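Student: Input model.txt, format and content: compact mmCIF, C-alpha atoms.
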```txt
# COMPACT_ATOMS: atom_id res chain seq x y z
CA THR O 53 76.69 107.90 128.39
CA PRO O 54 77.99 108.09 124.90
CA ARG O 55 76.57 108.84 121.57
CA ARG O 56 77.88 107.76 118.27
CA PHE O 57 77.77 109.09 114.79
CA ALA O 58 79.22 108.04 111.46
CA GLY O 59 79.09 110.06 108.32
CA LYS O 60 80.69 110.56 104.97
CA LYS O 61 79.20 113.78 103.80
CA MET O 62 77.48 116.27 106.02
CA GLU O 63 74.57 114.14 107.05
CA PRO O 64 75.10 111.28 109.47
CA LEU O 65 74.78 107.74 108.25
CA PHE O 66 74.11 106.55 111.73
CA PHE O 67 73.25 108.27 114.94
CA ARG O 68 72.66 106.70 118.30
CA VAL O 69 71.97 108.18 121.69
CA TYR O 70 72.21 106.27 124.92
CA GLU O 71 70.59 106.47 128.30
CA SER O 72 69.86 109.77 129.88
CA HIS O 73 70.45 111.83 126.78
CA ALA O 74 67.61 110.34 124.81
CA GLY O 75 65.68 113.57 124.63
CA ARG O 76 68.46 115.72 123.26
CA GLU O 77 69.11 114.22 119.86
CA ALA O 78 68.82 117.44 117.92
CA TYR O 79 71.18 119.25 120.23
CA LEU O 80 73.72 116.46 120.18
CA GLN O 81 73.54 116.17 116.44
CA ASN O 82 74.18 119.87 116.23
CA LEU O 83 77.28 119.46 118.40
CA VAL O 84 78.56 116.77 116.12
CA VAL O 85 78.03 118.80 112.95
CA CYS O 86 79.92 121.67 114.54
CA SER O 87 82.79 119.40 115.37
CA LEU O 88 83.14 118.25 111.76
CA ASP O 89 85.34 121.26 111.08
CA VAL O 90 87.71 120.12 113.77
CA VAL O 91 87.69 116.64 112.30
CA GLU O 92 88.63 118.04 108.90
CA GLU O 93 91.48 119.98 110.46
CA CYS O 94 92.73 116.91 112.27
CA VAL O 95 92.60 114.83 109.11
CA ALA O 96 94.47 117.50 107.15
CA ALA O 97 97.09 117.75 109.88
CA ARG O 98 97.44 114.00 109.90
CA ALA O 99 97.85 113.93 106.13
CA SER O 100 100.57 116.55 106.13
CA SER O 101 102.47 114.98 108.97
CA GLY O 102 102.14 111.49 107.56
CA GLY O 103 100.48 110.21 110.71
CA GLN O 104 99.32 106.64 110.84
CA ASP O 105 96.65 106.91 113.48
CA MET O 106 93.00 106.71 112.60
CA TYR O 107 92.07 107.71 116.13
CA LEU O 108 91.98 111.50 116.27
CA GLY O 109 91.66 111.91 119.99
CA LEU O 110 89.78 114.62 121.80
CA LEU O 111 88.27 116.99 119.27
CA ALA O 112 86.77 119.55 121.57
CA PRO O 113 85.13 119.96 124.91
CA ILE O 114 81.74 121.58 124.33
CA ASP O 115 79.33 122.42 127.14
CA ALA O 116 79.11 119.38 129.36
CA PHE O 117 80.48 117.00 126.78
CA ARG O 118 83.72 115.86 125.26
CA LEU O 119 83.92 114.86 121.62
CA TYR O 120 86.30 112.23 120.33
CA GLY O 121 86.94 111.47 116.70
CA TYR O 122 88.19 108.70 114.44
CA ALA O 123 88.64 109.00 110.69
CA THR O 124 89.28 106.14 108.28
CA SER O 125 91.13 106.31 104.98
CA THR O 126 87.85 105.93 103.13
CA GLN O 127 86.38 109.22 104.32
CA ILE O 128 84.23 107.70 107.02
CA LYS O 129 84.25 109.52 110.32
CA PHE O 130 83.13 108.33 113.70
CA ILE O 131 82.43 110.77 116.48
CA ALA O 132 81.69 109.85 120.06
CA VAL O 133 80.14 112.36 122.42
CA VAL O 134 80.63 111.48 126.05
CA ASP O 135 79.72 113.05 129.33
CA GLU O 136 82.34 115.27 130.78
CA THR O 137 82.07 113.42 134.05
CA ALA O 138 82.90 110.04 132.56
CA ARG O 139 86.63 109.66 132.47
CA HIS O 140 87.50 107.34 129.66
CA ASP O 141 91.05 106.51 128.97
CA GLU O 142 92.41 106.54 125.48
CA ALA O 143 92.70 102.77 125.24
CA ALA O 144 88.98 102.29 125.84
CA LEU O 145 88.06 104.88 123.25
CA ARG O 146 90.43 103.38 120.71
CA LYS O 147 88.95 99.95 121.21
CA PHE O 148 85.48 101.39 120.88
CA PHE O 149 86.26 103.08 117.58
CA VAL O 150 88.04 100.04 116.18
CA GLN O 151 84.99 97.93 116.91
CA CYS O 152 82.73 100.52 115.32
CA HIS O 153 84.93 100.57 112.25
CA ASP O 154 84.86 96.81 112.05
CA ALA O 155 81.08 96.87 112.28
CA TYR O 156 80.96 99.36 109.45
CA VAL O 157 83.27 97.32 107.21
CA THR O 158 81.19 94.22 107.80
CA TYR O 159 78.09 96.23 106.96
CA ILE O 160 79.49 97.67 103.74
CA LEU O 161 80.85 94.32 102.56
CA ASN O 162 77.30 93.06 102.40
CA PRO O 163 76.42 93.41 98.71
CA PHE O 164 72.78 94.01 99.50
CA THR O 165 73.41 97.31 101.20
CA LYS O 166 73.14 100.34 98.97
CA LEU O 167 76.32 102.29 98.41
CA ASP O 168 74.49 105.59 98.25
CA ALA O 169 72.28 104.96 101.26
CA THR O 170 71.74 107.97 103.47
CA GLN O 171 71.00 105.91 106.55
CA ILE O 172 72.30 102.67 107.96
CA THR O 173 69.25 100.85 109.25
CA ALA O 174 70.60 97.35 109.68
CA ALA O 175 69.76 95.87 113.05
CA SER O 176 72.98 93.90 113.18
CA PHE O 177 75.00 97.06 112.74
CA ARG O 178 73.10 98.80 115.52
CA ALA O 179 73.60 95.78 117.77
CA LYS O 180 77.34 95.80 117.16
CA ILE O 181 77.64 99.49 117.95
CA ASP O 182 75.60 99.00 121.10
CA ALA O 183 77.83 96.13 122.13
CA ALA O 184 80.94 98.22 121.55
CA ALA O 185 79.52 101.12 123.55
CA ASN O 186 78.55 98.82 126.38
CA ALA O 187 81.91 97.15 126.45
CA HIS O 188 84.09 100.23 126.35
CA LEU O 189 82.16 103.35 127.15
CA ARG O 190 79.97 102.36 130.01
CA PRO O 191 80.74 104.50 133.05
CA PRO O 192 82.44 102.43 135.74
CA ALA O 193 80.00 101.04 138.30
CA ARG O 194 80.06 102.77 141.63
CA PRO O 195 81.59 100.63 144.34
CA PRO O 196 78.97 99.42 146.82
CA SER O 197 78.78 101.60 149.92
CA PRO O 198 80.20 99.97 153.03
CA PRO O 199 77.60 98.35 155.29
CA THR O 200 76.54 100.65 158.11
CA PRO O 201 77.37 99.31 161.52
CA SER O 202 74.30 98.25 163.43
CA ALA Z 1021 104.58 114.22 78.29
CA ALA Z 1022 107.27 111.80 79.25
CA ILE Z 1023 106.19 108.52 80.75
CA SER Z 1024 108.45 107.20 83.41
CA SER Z 1025 108.24 103.58 84.28
CA CYS Z 1026 108.60 102.37 87.84
CA ARG Z 1027 108.70 98.75 88.68
CA VAL Z 1028 106.38 97.79 91.47
CA PRO Z 1029 108.49 95.92 94.00
CA MET Z 1030 107.31 92.34 94.26
CA GLY Z 1031 108.41 91.43 97.72
CA GLY Z 1032 105.79 93.25 99.70
CA TRP Z 1033 103.82 90.30 100.96
CA GLY Z 1034 106.42 88.17 102.64
CA GLY Z 1035 107.57 86.08 99.77
CA ALA Z 1036 106.07 82.67 100.13
CA PRO Z 1037 103.03 82.08 97.95
CA VAL Z 1038 99.50 81.32 98.95
CA ALA Z 1039 97.53 78.29 100.04
CA THR Z 1040 94.04 78.23 98.67
CA SER Z 1041 91.24 75.84 99.25
CA GLY Z 1042 91.27 74.56 95.69
CA GLN Z 1043 91.43 70.94 94.75
CA LYS Z 1044 92.88 69.65 91.52
CA LEU Z 1045 90.62 71.06 88.85
CA PRO Z 1046 88.82 68.96 86.29
CA GLY Z 1047 90.25 69.10 82.81
CA ARG Z 1048 87.84 71.69 81.48
CA PHE Z 1049 89.71 74.57 83.08
CA GLY Z 1050 93.11 73.30 82.24
CA THR Z 1051 95.85 72.88 84.73
CA ARG Z 1052 96.39 75.82 87.00
CA ARG Z 1053 99.70 76.85 88.38
CA ALA Z 1054 100.57 75.13 91.65
CA ARG Z 1055 98.00 75.90 94.33
CA SER Z 1056 100.02 74.22 97.01
CA GLN Z 1057 101.76 77.29 98.22
CA ALA Z 1058 101.74 78.72 101.69
CA PHE Z 1059 102.06 82.28 102.91
CA SER Z 1060 102.70 83.91 106.16
CA ARG Z 1061 99.66 86.17 106.38
CA PRO Z 1062 97.18 84.81 108.90
CA LYS Z 1063 94.10 83.66 107.03
CA ARG Z 1064 90.53 83.73 108.19
CA GLU Z 1065 88.23 80.85 107.55
CA GLY Z 1066 86.31 81.31 104.38
CA ASP Z 1067 88.59 84.02 103.09
CA ASP Z 1068 89.28 82.32 99.81
CA MET Z 1069 86.75 81.46 97.22
CA SER Z 1070 87.01 78.44 95.00
CA GLU Z 1071 88.60 79.68 91.85
CA CYS Z 1072 86.73 77.43 89.47
CA ALA Z 1073 83.43 78.39 91.09
CA PHE Z 1074 84.18 82.03 90.48
CA ASP Z 1075 85.32 81.36 86.93
CA SER Z 1076 82.06 79.58 86.12
CA PHE Z 1077 80.07 82.35 87.72
CA PHE Z 1078 82.00 85.03 85.88
CA MET Z 1079 81.60 83.30 82.52
CA GLU Z 1080 77.86 83.03 83.05
CA LEU Z 1081 77.67 86.66 84.04
CA LEU Z 1082 79.45 87.70 80.89
CA SER Z 1083 77.50 85.40 78.60
CA LYS Z 1084 74.25 86.79 79.94
CA SER Z 1085 75.29 90.39 79.48
CA ARG Z 1086 75.19 91.83 76.02
CA LEU Z 1087 78.27 93.23 74.43
CA ASP Z 1088 76.88 96.73 74.41
CA SER Z 1089 76.20 96.72 78.15
CA ASP Z 1090 79.76 97.58 79.11
CA GLU Z 1091 78.42 100.03 81.62
CA ARG Z 1092 76.49 97.49 83.59
CA THR Z 1093 79.42 95.13 83.83
CA GLU Z 1094 81.60 98.03 84.86
CA ARG Z 1095 79.06 99.08 87.44
CA ARG Z 1096 79.07 95.62 88.98
CA GLY Z 1097 82.83 95.78 89.25
CA PHE Z 1098 82.56 99.27 90.72
CA GLU Z 1099 80.35 98.13 93.59
CA ILE Z 1100 82.61 95.22 94.45
CA GLY Z 1101 85.78 97.27 94.24
CA TYR Z 1102 84.27 100.02 96.38
CA ARG Z 1103 83.30 97.63 99.12
CA PHE Z 1104 86.43 95.55 99.03
CA MET Z 1105 88.64 98.58 99.42
CA GLU Z 1106 87.06 99.21 102.83
CA ARG Z 1107 88.47 95.89 103.99
CA VAL Z 1108 91.83 96.36 102.33
CA ILE Z 1109 92.42 99.72 103.96
CA GLN Z 1110 90.84 98.94 107.29
CA THR Z 1111 93.97 98.96 109.37
CA ARG Z 1112 95.99 101.78 107.95
CA VAL Z 1113 95.93 105.44 107.18
CA LEU Z 1114 96.75 106.21 103.59
CA ALA Z 1115 98.64 109.28 102.46
CA MET Z 1116 96.51 110.80 99.76
CA ASP Z 1117 99.33 111.25 97.34
CA HIS Z 1118 98.05 109.78 94.08
CA LEU Z 1119 101.08 107.65 93.49
CA GLU Z 1120 100.71 106.09 96.94
CA VAL Z 1121 97.07 105.34 96.24
CA ILE Z 1122 97.87 103.66 92.93
CA LYS Z 1123 100.64 101.66 94.53
CA LEU Z 1124 98.12 100.46 97.07
CA LEU Z 1125 95.90 99.36 94.20
CA CYS Z 1126 98.78 97.57 92.53
CA LYS Z 1127 99.92 95.77 95.64
CA ASP Z 1128 97.36 95.21 98.38
CA PHE Z 1129 94.15 95.57 96.42
CA TRP Z 1130 95.20 93.49 93.42
CA TYR Z 1131 96.79 90.94 95.69
CA GLY Z 1132 93.63 90.66 97.74
CA ILE Z 1133 91.68 89.72 94.64
CA PHE Z 1134 94.14 87.87 92.42
CA ARG Z 1135 96.84 86.74 94.85
CA LYS Z 1136 99.40 88.57 92.80
CA GLN Z 1137 100.46 92.14 92.34
CA ILE Z 1138 100.32 94.26 89.23
CA ASP Z 1139 103.41 93.52 87.19
CA LYS Z 1140 104.21 96.96 85.90
CA LEU Z 1141 103.20 100.48 86.75
CA GLN Z 1142 103.85 103.48 84.57
CA THR Z 1143 102.93 107.07 85.14
CA ASN Z 1144 103.38 110.43 83.54
CA HIS Z 1145 103.27 112.07 86.95
CA ARG Z 1146 100.29 114.10 85.89
CA GLY Z 1147 97.44 111.91 86.98
CA VAL Z 1148 97.67 109.21 84.31
CA PHE Z 1149 98.73 105.72 85.36
CA VAL Z 1150 99.07 102.55 83.33
CA LEU Z 1151 98.84 99.24 85.16
CA LYS Z 1152 99.98 96.12 83.40
CA ASP Z 1153 99.28 92.58 84.41
CA TYR Z 1154 101.17 89.99 82.41
CA SER Z 1155 99.21 87.00 83.54
CA PHE Z 1156 95.75 88.25 84.20
CA ARG Z 1157 93.79 85.38 85.60
CA TRP Z 1158 90.49 86.05 83.89
CA MET Z 1159 92.07 86.31 80.47
CA HIS Z 1160 93.99 83.07 80.49
CA GLN Z 1161 91.69 81.56 77.93
CA CYS Z 1162 91.10 84.62 75.82
CA SER Z 1163 92.14 84.68 72.22
CA CYS Z 1164 93.59 87.90 71.04
CA GLY Z 1165 94.47 89.17 67.69
CA THR Z 1166 93.31 91.68 65.19
CA ASP Z 1167 89.75 90.44 64.92
CA VAL Z 1168 87.53 93.39 65.75
CA VAL Z 1169 84.73 91.36 67.27
CA LEU Z 1170 87.15 89.39 69.41
CA ASN Z 1171 88.70 92.59 70.66
CA LYS Z 1172 85.28 93.87 71.55
CA VAL Z 1173 84.62 90.75 73.59
CA ASN Z 1174 87.92 91.09 75.36
CA VAL Z 1175 87.37 94.73 76.19
CA HIS Z 1176 83.92 93.84 77.51
CA VAL Z 1177 85.43 91.25 79.82
CA LEU Z 1178 87.91 93.82 81.00
CA GLN Z 1179 85.16 96.25 81.98
CA PHE Z 1180 84.69 94.33 85.18
CA PRO Z 1181 88.23 94.81 86.49
CA CYS Z 1182 88.08 98.42 85.26
CA GLY Z 1183 85.06 98.82 87.50
CA LEU Z 1184 86.94 97.19 90.37
CA LEU Z 1185 89.69 99.77 90.08
CA ARG Z 1186 87.30 102.69 89.69
CA GLY Z 1187 85.29 101.53 92.70
CA ALA Z 1188 88.40 101.19 94.81
CA LEU Z 1189 89.50 104.72 93.92
CA SER Z 1190 86.04 106.11 94.55
CA SER Z 1191 86.04 104.53 97.99
CA LEU Z 1192 89.15 106.54 98.77
CA GLY Z 1193 87.48 109.67 97.53
CA LEU Z 1194 89.16 109.87 94.14
CA CYS Z 1195 87.21 110.29 90.95
CA ALA Z 1196 88.88 108.52 88.06
CA LEU Z 1197 88.36 107.17 84.59
CA VAL Z 1198 89.58 103.63 84.08
CA THR Z 1199 89.85 102.03 80.67
CA ALA Z 1200 91.45 98.89 79.39
CA ASP Z 1201 93.36 98.38 76.19
CA PRO Z 1202 92.52 95.34 74.10
CA PRO Z 1203 95.04 92.68 75.03
CA SER Z 1204 97.88 92.33 72.60
CA ALA Z 1205 99.23 89.10 73.97
CA GLN Z 1206 97.82 86.12 75.79
CA SER Z 1207 96.52 87.09 79.23
CA THR Z 1208 98.29 90.42 79.20
CA CYS Z 1209 96.15 93.35 80.23
CA SER Z 1210 96.72 97.00 80.51
CA PHE Z 1211 94.54 99.36 82.52
CA ASN Z 1212 94.69 103.12 82.14
CA ILE Z 1213 93.72 105.20 85.12
CA HIS Z 1214 93.10 108.88 84.68
CA ILE Z 1215 92.52 110.57 88.01
CA HIS Z 1216 90.34 113.66 87.85
CA HIS Z 1217 91.53 116.63 89.79
CA GLU Z 1218 89.07 118.36 92.05
CA ASP Z 1219 88.03 121.71 90.73
```
Would you write the structure of this file as structure tokens?
Tutor:
Amino acid sequence: TPRRFAGKKMEPLFFRVYESHAGREAYLQNLVVCSLDVVEECVAARASSGGQDMYLGLLAPIDAFRLYGYATSTQIKFIAVVDETARHDEAALRKFFVQCHDAYVTYILNPFTKLDATQITAASFRAKIDAAANAHLRPPARPPSPPTPS
Amino acid sequence: AAISSCRVPMGGWGGAPVATSGQKLPGRFGTRRARSQAFSRPKREGDDMSECAFDSFFMELLSKSRLDSDERTERRGFEIGYRFMERVIQTRVLAMDHLEVIKLLCKDFWYGIFRKQIDKLQTNHRGVFVLKDYSFRWMHQCSCGTDVVLNKVNVHVLQFPCGLLRGALSSLGLCALVTADPPSAQSTCSFNIHIHHED
């Protein structure tokens, strides 16, 4: 049950909570803001080591959640907060972030969007993020229990 | 301060030139250089815009704007450059060394818009860069000379690409001042980029 966040300055441009965590937006947003420091550190480390990876990996485990980050060259950061119990492999997270990034680029290429907007409210953007989350971050379905013998 | 000149290597995009969707243009725009060129980069449908359509549009834009509204023309260029840079840099991490950023502008960014790279890059290694394009597409039909009014027109036209460059830099988080020198020769343009250092 993931949650996604994109932001350039301190306030998020986009914030989305899924499923059972719907009531905890403020708390989750707080988590994300706290993790921004870690993101900055990762970006600085990447810059000094000449790394080529936009995916930052696991930022921090906090409480019952794990935070993963992705930072583009244009100062946009994506942070995904997932349940500790959901084991996502790196490939799935990478694909998720790449799709989110693509959604953002498509959004910003639209000349009718404001460059200094503080919120992304486009329905198509939200739909793309939802699709990416569904495709890559959905917890695996439990296998059906074997039929009980009669 | 000494200015050192470094040639921007031309071979970065795999050599073979580009196929565009253009037909043979009617006489009004003159004959363009061969458009029947192919390149190896995979193209997406609708990636290219008809060149003559853009030229007409750009001419109208300029004729409607007054000569003293340089800022508005520059602002339009800024928005476009800002947005386009997101696409240009989508698949790579950029080292934030200023020279690397400017090289990106000269190669990928300029190529993405004009299908050619900047012809010459000079820098004084202290945040000032001069980009020269010897066959700038939008100035093919400009007249240049010592006429003051004509120079003003030319500089006004060049505000748009100045804005493109400033927008691209801003997208990467760099604050810069971009100006253009009045062209001294046919379709030759020179852009001066002065990157501001964070205080």
Student: Go through O:Ala132, O:Ala116, O:Leu161, O:Ala96 and flag the residue nearest chain Z, using only C-alpha atoms for the distances.
Tutor: O:Leu161
Student: Hey, which of Z:Asp1117, Z:Asp1201, Z:Asp1167, Z:Asp1128 ends up closest to chain O? Count all atoms listed in the file.
Tutor: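 Among the listed residues, Z:Asp1117 lies closest to chain O.
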Student: Please report, as a Markdown table, each residue of chain O lying at most 7 Å from chain Z, together with the nearest pair of atoms and the separation in Å rounded to one decimal; use all atoms listed in the file, and order rows by chain and ascending residue number.
Tutor:
```
| residue | atom | partner | partner_atom | distance |
| --- | --- | --- | --- | --- |
| O:Ala99 | CA | Z:Ala1115 | CA | 6.0 |
| O:Gly102 | CA | Z:Ala1115 | CA | 6.6 |
| O:Gln104 | CA | Z:Val1113 | CA | 5.1 |
| O:Asp105 | CA | Z:Val1113 | CA | 6.5 |
| O:Met106 | CA | Z:Val1113 | CA | 6.3 |
| O:Thr124 | CA | Z:Val1113 | CA | 6.8 |
| O:Ser125 | CA | Z:Val1113 | CA | 5.4 |
| O:Thr126 | CA | Z:Leu1192 | CA | 4.6 |
| O:Gln127 | CA | Z:Leu1192 | CA | 6.8 |
| O:Val157 | CA | Z:Glu1106 | CA | 6.1 |
| O:Ile160 | CA | Z:Arg1103 | CA | 6.0 |
| O:Leu161 | CA | Z:Arg1103 | CA | 5.4 |
```
Student: Emit the selected residues as a PDB file, in the coordinates of the input, including C-alpha atoms.
Tutor:
```
ATOM      1  CA  ALA O  99      97.850 113.930 106.130  1.00  0.00           C
ATOM      2  CA  GLY O 102     102.140 111.490 107.560  1.00  0.00           C
ATOM      3  CA  GLN O 104      99.320 106.640 110.840  1.00  0.00           C
ATOM      4  CA  ASP O 105      96.650 106.910 113.480  1.00  0.00           C
ATOM      5  CA  MET O 106      93.000 106.710 112.600  1.00  0.00           C
ATOM      6  CA  THR O 124      89.280 106.140 108.280  1.00  0.00           C
ATOM      7  CA  SER O 125      91.130 106.310 104.980  1.00  0.00           C
ATOM      8  CA  THR O 126      87.850 105.930 103.130  1.00  0.00           C
ATOM      9  CA  GLN O 127      86.380 109.220 104.320  1.00  0.00           C
ATOM     10  CA  VAL O 157      83.270  97.320 107.210  1.00  0.00           C
ATOM     11  CA  ILE O 160      79.490  97.670 103.740  1.00  0.00           C
ATOM     12  CA  LEU O 161      80.850  94.320 102.560  1.00  0.00           C
TER      13      LEU O 161
END
```
Student: Suppose you want the space between atom CA of O:Ala78 and atom CA of O:Gly109; what is it in Å?
Tutor: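 Taking atom CA of O:Ala78 and atom CA of O:Gly109, their separation equals 23.6 Å.
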Student: What does the distance between atom CA of Z:Arg1096 and atom CA of O:Cys152 come to in Å, to one decimal place?
Tutor: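 Spanning atom CA of Z:Arg1096 to atom CA of O:Cys152 is a straight-line distance of 27.0 Å.
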Student: May I have the residues within 7 Å of stretch 85-91 of chain O as a PDB file with C-alpha atoms, in the coordinates of the input, using all atoms listed in the file and disregarding those fewer than 3 positions away in the same chain?
Tutor:
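Writing the result to part02.pdb gives the following:
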```pdb
ATOM      1  CA  GLN O  81      73.540 116.170 116.440  1.00  0.00           C
ATOM      2  CA  ASN O  82      74.180 119.870 116.230  1.00  0.00           C
ATOM      3  CA  CYS O  94      92.730 116.910 112.270  1.00  0.00           C
ATOM      4  CA  VAL O  95      92.600 114.830 109.110  1.00  0.00           C
ATOM      5  CA  LEU O 111      88.270 116.990 119.270  1.00  0.00           C
ATOM      6  CA  GLY O 121      86.940 111.470 116.700  1.00  0.00           C
TER       7      GLY O 121
END
```
Student: Check the smallest atom-to-atom distance from each of Z:Val1121, Z:Val1173, Z:Met1079, Z:Cys1182 to Z:Trp1158 using all atoms listed in the file, then report the winner.
Tutor: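 Once distances to Z:Trp1158 are computed over all atoms listed in the file, the minimum belongs to Z:Met1079.
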Student: Would you work out the distance separating atom CA of Z:Ser1083 from atom CA of Z:Phe1156, expressed in Å to one decimal?
Tutor: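 Spanning atom CA of Z:Ser1083 to atom CA of Z:Phe1156 is a straight-line distance of 19.3 Å.
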Student: Excluding Z:Asp1075 and any residue of its chain fewer than 5 positions from it, enumerate the residues within 10 Å of it, using only C-alpha atoms, and give them as a PyMOL selection string.
Tutor: chain Z and resi 1049+1070+1080-1081+1157-1158
Student: I need the chosen residues saved as a PDB file, in the coordinates of the input, with C-alpha atoms.
Tutor:
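The result, stored in result.pdb:
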```pdb
ATOM      1  CA  PHE Z1049      89.710  74.570  83.080  1.00  0.00           C
ATOM      2  CA  SER Z1070      87.010  78.440  95.000  1.00  0.00           C
ATOM      3  CA  GLU Z1080      77.860  83.030  83.050  1.00  0.00           C
ATOM      4  CA  LEU Z1081      77.670  86.660  84.040  1.00  0.00           C
ATOM      5  CA  ARG Z1157      93.790  85.380  85.600  1.00  0.00           C
ATOM      6  CA  TRP Z1158      90.490  86.050  83.890  1.00  0.00           C
TER       7      TRP Z1158
END
```
